[in-house]
Amino acid sequence: MAANLAGAEAGVFFQSCAASLSGLNENSFADLWIDACRKCLPALSAESRGQLETLGASLGRYELDEQLAACDRYLRGAEETANGLLARLPEQRKLSLALSAAAGAFLCLLIL
C-alpha cells in the first residue's frame, strides 16, 4: 500500500522492502530496511539516509506508540531538512546564475 501511495523512488523503496520480507528468517527487518535504503535511495544525503535507517531499526521492535513516535520524529526531521533546503533555494539560484555568467564570460575571453 505504501508503494502505491508513494511516488517514484519512494515507491520502489517500499516495493523492495515488501519483496525482501520473505528473507525475514535469515535477516532482521532492520537489515532488510537498511539494504533497501542503500539500494533504492542513493539520491538521499548520507544524513537523510542515516535518519531513515534509524527509523527502520525501531520499526517492528517496540510497542505501536513507540513506533509511531519514531515515525513522527523522522517526519519532523525530514520537514526541517526540506525547509532548510527551500530557504537556501533562492541563494543557490543566484549562485548558479552567477556561475553560468562567469563561465560564459570566461568562454568569450578564451575565444578572443
# chains A, B, ... in the order shown; residues from 1 in each chain; ligands from 1
>>> residues_around(residues="range 48-56 of chain A", least_positions_apart="3", cutoff="10 Å", atoms="only C-alpha atoms", output="list in words")
Phe29, Ala30, Asp31, Leu32, Trp33, Ile34, Asp35, Ala36, Cys37, Arg38, Leu41, Pro42, Ala43, Leu44, Ser45, Leu59, Gly60, Arg61, Gln67, Ala70, Cys71, Asp72, Arg73, Tyr74, Leu75, Gly77, Ala78 and Thr81 of chain A
>>> select_by_dssp(residues="chain A", states="helix (DSSP H, G or I)", output="PyMOL selection string")
chain A and resi 2-5+8-25+29-40+46-58+64-111
>>> atom_distance(atom1="CA of Cys40 in chain A", atom2="CA of Leu21 in chain A")
15.5 Å
>>> atom_distance(atom1="CA of Arg76 in chain A", atom2="CA of Glu91 in chain A")
23.9 Å
>>> residues_around(residues="Met1 in chain A", least_positions_apart="3", cutoff="10 Å", atoms="only C-alpha atoms", output="JSON, numbers by chain")
{"A": [4, 5, 6, 11, 14, 15, 18]}
>>> write_last_selection(atoms="C-alpha atoms", output="tab-separated table (two decimals), in the first residue's frame")
chain	number	residue	atom	x	y	z
A	4	ASN	CA	1.23	2.66	-4.30
A	5	LEU	CA	0.79	5.86	-2.29
A	6	ALA	CA	4.41	6.98	-2.56
A	11	GLY	CA	7.55	3.57	-4.23
A	14	PHE	CA	8.69	0.25	-0.37
A	15	GLN	CA	8.35	-2.40	-3.09
A	18	ALA	CA	7.94	-5.79	0.67
